[in-house]
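Here's the structure we're looking at; comments come further down.
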Amino acid sequence: MGEKSLSILIFVSVAVLFFLWRAPFPLFWDDSPIVAERLYDNLQTHGSHFNQVLRNSFGRLTPSGYRPISEGLRQLGINYFSNPKNPPLLWYAFISVFYGFFALGFYLVAMQFIYFPGFGLLALFLFLASSAHLCASWVVFAGVQILVPLWLCWSLIIYWKWDVARGALKVFLAVLLFLFLFVAPWVREFTGLASVLILFIEWLQKRRLGIATIIALLSLGHAIFPTAWVGAFFFPGLPIQSIFNQGSLGAQLSVSALKTEVFPIFLLLIPSPLVLLYVVSLFRRKLERQIFAHFLWFWMLSSLLPFLATYTSQVHLAYSLVPASILIMQSIERLIIGSSRFWRLAFAFLLVWGIADQALNIYSGFQVTKGILSGDEAVGRWMKNNIPEGSLVVTNALHGEDIRYLSGSHADFFYSMASAVNSKTKIVDDSEKLKKFLNKRANEHEIYFLQADFEFMPDKFNYHCHKFVRHQCVNLTKGTLIHNTIVRYPFLDPLKLVVPRRFVPFLSSPDLENDFYRGPARNRVSFFREVSTQYWVYKVTGRTVNCHLDATGQILTAPSREKNDKVLLVDDTIPLLRFTLEKGLSTPDLYILSYFFKTFVGTTSPASASLYSYRVSWGCDIDSLSFFKPTWNNQWIIPNQFQLNFAARGKLSISVGKESLEQLRKESISIKVWGPPRGQDGV
């Protein structure tokens, strides 16, 4: 096949495959919330005409920073999907063109370092099938991540074409290169890296000041101060600031802690058989085209190291995966070609193994997203059938906006956490806000709590669990389990069997990773992972808020009250083996176990909730199993609830999942209870 025909095939194939990948699904996070705001909250913050979109994109800073091209695409997407008459598939086809151009650009860049087209195509597949890229691909206008590597690849291609061109073509390509580099920082801050890459190549190969060096230096200055030209000539009120003081980048840089988890997360984007082949290649054969290997390493590290300070999501690591994919396939190509037949077959087997594992990401990402959206639709249907239209729902599930969007806004959603919530008016994340919310809204609307419940990461539990359900902050009806989303998917890489949960990638929209369990399949089937959550609904029946919580889920007033009018009633660690089984209360899924203290140690009665503070947890560290939720009147619904002083003085009862009992039977329960001094509690 000729080079031109292969280029056309790559462009068309990837564009069509992306369209087929995305077409079966509606909008969801990050796109759905902003369309829902436009449709249901009547938010018309931006004009719908093209000239208004242009002015709003280039004439102001956004909370994300100064990204006028990405912002313009975002506003066009909002306008398009806000009109129900517009077919979503037409927009998906438009976005597919970007993926086609990226794939072609990636392949052309890869062939600067790789001899055989087959290995260039494998490098492209290694990137396209990575979890970092697949997660980003679900978003079709709120942040089209593929634009960054697209711009980087085509900037390099234009530079290399310019370097070998002559006459009028060289002048034309110089102008085109300048335009590409000049526009790059308006796509996203990271695209300014194109100027740095060209400067590095110029220094590596020529070590003199030439036309390309001057163009790259001017573009780099523009990339650091992207508002300077626009503010000077078109929008005088636009502030002139460096990218390090703007938006998301400025906010991340203000946090001093290094995010060293970037390295294992990045390494795990590549199947271990391919990493093994790369390591072997370093010992078996010295890489040819060493100067290009230096460039690929520089590109990879300059794309990766900034995330030590700014990392928030694995999707951004796709930027450094572009050179990494090329570097790995270049090394494997040299390794296989330069080996004997036996070793060539062995290395080919590892290559096929790694590529097969990567290919499963495509199937798994599709199934995970399908399962999540099916759950959203099921929850939306239940709400349509069981709660009045116009009800208000406070949830800890960020994808509540997806449920709202897919159900036609049957209920309005509010959030018990602030992270990634678009509208600040929708945040109800502490006790004071809950009080104001109930006082303002309870007379006019029925209010419900929707709890996404699963085994949270230990460091995520307090913030992302439904804190108002956990602490029983208001009177609620008994919880109703309305849906259980569970998706299990296979993998082939044995290293993934021992990867800690916090490094397991989330194979759907990246901001939703804290809404679901992700990790090894809980049915303990090897070489399978799982994404799951349970949806519980509680109707709010009271207005009195009986808890004192801050936005992080921590008890706000308990520490000061403990020192003043509260005393420590119990501070004990009790082996689970000392608990006895209550046979009459056990359910098909739960064991109810009891232990008796010699004296009164507080109560979980709602009538006395304001008098006591509790910290009950497992002595072991088993993800979100560490913490217990208080209950009363033997309302045993889920594992890890506790009840104090019901039916018998000094009685502590707990619920334990039947599947977990064998794992936990040698563990202990840690319990602390603060309350008024004995004799002053009226009990």
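Ordering of the structure tokens sets the chain letters (A, B, ...), residue numbers begin anew at 1 in every chain, and ligands are numbered from 1 in the order given.
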- Task: Can you pull out every residue within 10 Å of A:Ala442, counting only C-alpha atoms, but drop anything in the same chain fewer than 4 positions away, and send it as a list in words?
- Result: Ser391, Leu392, Lys436, Phe437, Leu438, Glu446, Ile447, Val540, Thr541, Gly542 and Arg543 of chain A
Quick one: write out the picked residues with N, CA, C and O atoms as a short mmCIF file (atom, residue, chain, number, x, y, z; two decimals), in the first residue's frame?
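Generated output (result_34.cif):
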```cif
data_model
loop_
_atom_site.label_atom_id
_atom_site.label_comp_id
_atom_site.auth_asym_id
_atom_site.auth_seq_id
_atom_site.Cartn_x
_atom_site.Cartn_y
_atom_site.Cartn_z
N SER A 391 -39.21 17.50 42.95
CA SER A 391 -38.56 17.19 44.23
C SER A 391 -37.09 17.59 44.17
O SER A 391 -36.49 17.73 43.10
N LEU A 392 -36.50 17.76 45.35
CA LEU A 392 -35.09 18.11 45.46
C LEU A 392 -34.33 16.93 46.03
O LEU A 392 -34.78 16.30 46.99
N LYS A 436 -29.91 25.80 56.23
CA LYS A 436 -30.48 26.86 55.37
C LYS A 436 -31.27 26.25 54.22
O LYS A 436 -32.34 26.76 53.85
N PHE A 437 -30.74 25.17 53.68
CA PHE A 437 -31.42 24.50 52.56
C PHE A 437 -32.79 23.99 52.99
O PHE A 437 -33.81 24.20 52.30
N LEU A 438 -32.86 23.33 54.14
CA LEU A 438 -34.13 22.79 54.62
C LEU A 438 -35.10 23.91 54.98
O LEU A 438 -36.30 23.83 54.67
N GLU A 446 -40.67 18.35 48.27
CA GLU A 446 -40.23 17.16 48.99
C GLU A 446 -38.73 17.01 48.77
O GLU A 446 -38.22 17.24 47.68
N ILE A 447 -38.03 16.59 49.83
CA ILE A 447 -36.57 16.50 49.77
C ILE A 447 -36.15 15.07 50.05
O ILE A 447 -36.66 14.41 50.95
N VAL A 540 -36.45 12.81 53.38
CA VAL A 540 -36.22 13.66 54.55
C VAL A 540 -37.56 13.98 55.19
O VAL A 540 -38.45 14.55 54.54
N THR A 541 -37.72 13.61 56.47
CA THR A 541 -39.01 13.81 57.16
C THR A 541 -38.93 14.86 58.26
O THR A 541 -39.94 15.16 58.88
N GLY A 542 -37.75 15.41 58.51
CA GLY A 542 -37.62 16.43 59.54
C GLY A 542 -36.81 17.60 59.05
O GLY A 542 -36.19 17.57 57.98
N ARG A 543 -36.79 18.66 59.85
CA ARG A 543 -36.02 19.85 59.48
C ARG A 543 -34.88 20.12 60.45
O ARG A 543 -33.99 20.91 60.14
#
```
Determine, counting only C-alpha atoms, which protein, DNA and RNA residues have an atom within 6 Å of an atom of A:Thr485; residues of the same chain fewer than 4 positions away are not included. Present the result as a compact mmCIF listing (two decimals) with all heavy atoms, in the first residue's frame.
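Output file selection_38.txt follows:
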```
# COMPACT_ATOMS: atom_id res chain seq x y z
N GLY A 375 -27.35 2.44 34.72
CA GLY A 375 -27.70 2.74 36.11
C GLY A 375 -28.32 4.11 36.26
O GLY A 375 -29.30 4.28 37.00
N SER A 532 -18.54 -0.51 40.53
CA SER A 532 -19.87 -0.75 41.10
C SER A 532 -20.23 0.33 42.11
O SER A 532 -19.37 1.02 42.65
CB SER A 532 -19.92 -2.13 41.78
OG SER A 532 -18.95 -2.20 42.82
N THR A 533 -21.52 0.44 42.35
CA THR A 533 -22.06 1.26 43.43
C THR A 533 -23.51 0.86 43.67
O THR A 533 -24.16 0.28 42.79
CB THR A 533 -21.98 2.76 43.10
OG1 THR A 533 -22.18 3.54 44.28
CG2 THR A 533 -23.03 3.18 42.08
```
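Across the model, the gap from atom CA of A:Asn462 to atom CA of A:Thr552 is 6.3 Å.
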- Message: Show me, as a PyMOL selection string, the residues that have an atom within 7 Å of A:Leu89 when counting only C-alpha atoms, minus same-chain residues fewer than 3 positions from it.
- Response: chain A and resi 23+92-93
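The space separating atom CA of A:Ile362 from atom CA of A:Ala318 comes to 15.4 Å.
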- Spatial neighbours of A:Gly210, max dist 12 Å, only C-alpha atoms, sep filter under 5 positions, as an MDAnalysis selection string: chainID A and resid 163 174 198:199 201:203 205 215:217
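With only C-alpha atoms as the atoms that count, the minimum distance from A:Phe225 to the choices A:Thr213, A:Ser325, A:Thr587, A:Gln246 is reached by A:Gln246.
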Might you pull out every residue within 12 Å of A:Ile669, with only C-alpha atoms counted and same-chain residues fewer than 2 positions away left off, and present them as a PDB file with C-alpha atoms, in the first residue's frame?
```pdb
ATOM      1  CA  ASP A 571     -12.444   4.513  74.488  1.00  0.00           C
ATOM      2  CA  ASP A 572     -12.001   0.824  73.845  1.00  0.00           C
ATOM      3  CA  THR A 573     -10.887  -1.745  71.289  1.00  0.00           C
ATOM      4  CA  ILE A 574     -12.964  -4.921  71.292  1.00  0.00           C
ATOM      5  CA  PRO A 575     -12.003  -8.100  69.416  1.00  0.00           C
ATOM      6  CA  LEU A 576     -14.793  -9.245  67.138  1.00  0.00           C
ATOM      7  CA  LEU A 577     -14.565 -12.698  68.728  1.00  0.00           C
ATOM      8  CA  ARG A 578     -16.086 -11.225  71.926  1.00  0.00           C
ATOM      9  CA  PHE A 579     -19.309 -10.334  70.078  1.00  0.00           C
ATOM     10  CA  LEU A 593     -23.462  -9.064  66.464  1.00  0.00           C
ATOM     11  CA  SER A 594     -23.727  -7.700  70.023  1.00  0.00           C
ATOM     12  CA  TYR A 595     -21.413  -6.791  72.888  1.00  0.00           C
ATOM     13  CA  ARG A 615     -16.113   7.376  66.232  1.00  0.00           C
ATOM     14  CA  VAL A 616     -16.603   3.667  65.586  1.00  0.00           C
ATOM     15  CA  SER A 617     -14.309   1.873  63.169  1.00  0.00           C
ATOM     16  CA  TRP A 618     -12.571  -1.354  62.405  1.00  0.00           C
ATOM     17  CA  GLY A 619      -9.162  -1.606  63.962  1.00  0.00           C
ATOM     18  CA  CYS A 620      -7.900  -2.782  60.555  1.00  0.00           C
ATOM     19  CA  ASP A 621      -7.686  -0.599  57.442  1.00  0.00           C
ATOM     20  CA  LEU A 625     -15.053  -0.619  55.881  1.00  0.00           C
ATOM     21  CA  SER A 626     -13.063   1.321  58.470  1.00  0.00           C
ATOM     22  CA  PHE A 627     -16.041   3.471  59.538  1.00  0.00           C
ATOM     23  CA  PHE A 628     -19.450   2.573  60.971  1.00  0.00           C
ATOM     24  CA  ASN A 640     -20.961  -1.481  59.105  1.00  0.00           C
ATOM     25  CA  GLN A 641     -23.811   0.097  61.024  1.00  0.00           C
ATOM     26  CA  PHE A 642     -23.774   0.301  64.810  1.00  0.00           C
ATOM     27  CA  LEU A 652     -23.468  -2.297  71.343  1.00  0.00           C
ATOM     28  CA  SER A 653     -24.764  -3.970  68.170  1.00  0.00           C
ATOM     29  CA  ILE A 654     -23.060  -3.978  64.772  1.00  0.00           C
ATOM     30  CA  SER A 655     -23.855  -5.270  61.289  1.00  0.00           C
ATOM     31  CA  VAL A 656     -21.294  -7.309  59.362  1.00  0.00           C
ATOM     32  CA  LEU A 664     -12.852  -9.880  59.597  1.00  0.00           C
ATOM     33  CA  ARG A 665     -13.301 -12.426  62.386  1.00  0.00           C
ATOM     34  CA  LYS A 666      -9.797 -11.839  63.796  1.00  0.00           C
ATOM     35  CA  GLU A 667     -10.131  -8.059  63.671  1.00  0.00           C
ATOM     36  CA  ILE A 671     -15.083   2.698  69.646  1.00  0.00           C
ATOM     37  CA  LYS A 672     -14.993   6.193  71.120  1.00  0.00           C
TER      38      LYS A 672
END
```
Report the closest atom pair, with its distance in Å rounded to one decimal, for each residue of stretch 197-270 of chain A that has an atom no farther than 12 Å from stretch 503-517 of chain A; count only C-alpha atoms, sort by chain and then rising residue number, and write it as a tab-separated table.
```
residue	atom	partner	partner_atom	distance
A:Glu261	CA	A:Phe503	CA	8.2
A:Val262	CA	A:Phe503	CA	9.6
A:Phe263	CA	A:Phe503	CA	10.4
A:Pro264	CA	A:Phe503	CA	7.5
A:Ile265	CA	A:Phe503	CA	5.9
A:Phe266	CA	A:Phe503	CA	9.5
A:Leu267	CA	A:Phe503	CA	10.3
A:Leu268	CA	A:Phe503	CA	8.0
A:Leu269	CA	A:Pro505	CA	8.5
A:Ile270	CA	A:Pro505	CA	11.8
```
- re atom CA of A:Asn385 and atom CA of A:Val487: distance 25.2 Å
Give me every strand (DSSP E or B) residue in stretch 159-395 of chain A, going by DSSP on the backbone, as a short mmCIF file (atom, residue, chain, number, x, y, z; two decimals) with N, CA, C and O atoms, in the first residue's frame.
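The file below, selection_26.cif, is the result:
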```cif
data_model
loop_
_atom_site.label_atom_id
_atom_site.label_comp_id
_atom_site.auth_asym_id
_atom_site.auth_seq_id
_atom_site.Cartn_x
_atom_site.Cartn_y
_atom_site.Cartn_z
N LEU A 392 -36.50 17.76 45.35
CA LEU A 392 -35.09 18.11 45.46
C LEU A 392 -34.33 16.93 46.03
O LEU A 392 -34.78 16.30 46.99
N VAL A 393 -33.19 16.65 45.43
CA VAL A 393 -32.39 15.49 45.82
C VAL A 393 -30.99 15.96 46.18
O VAL A 393 -30.33 16.62 45.38
N VAL A 394 -30.56 15.64 47.40
CA VAL A 394 -29.18 15.92 47.82
C VAL A 394 -28.41 14.61 47.72
O VAL A 394 -28.79 13.62 48.34
N THR A 395 -27.35 14.61 46.95
CA THR A 395 -26.63 13.37 46.68
C THR A 395 -25.13 13.55 46.82
O THR A 395 -24.61 14.67 46.74
#
```
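Closest approach to A:His294 from the set A:Ser613, A:His445, A:Leu327, A:His464 is made by A:Leu327, with distances taken over only C-alpha atoms.
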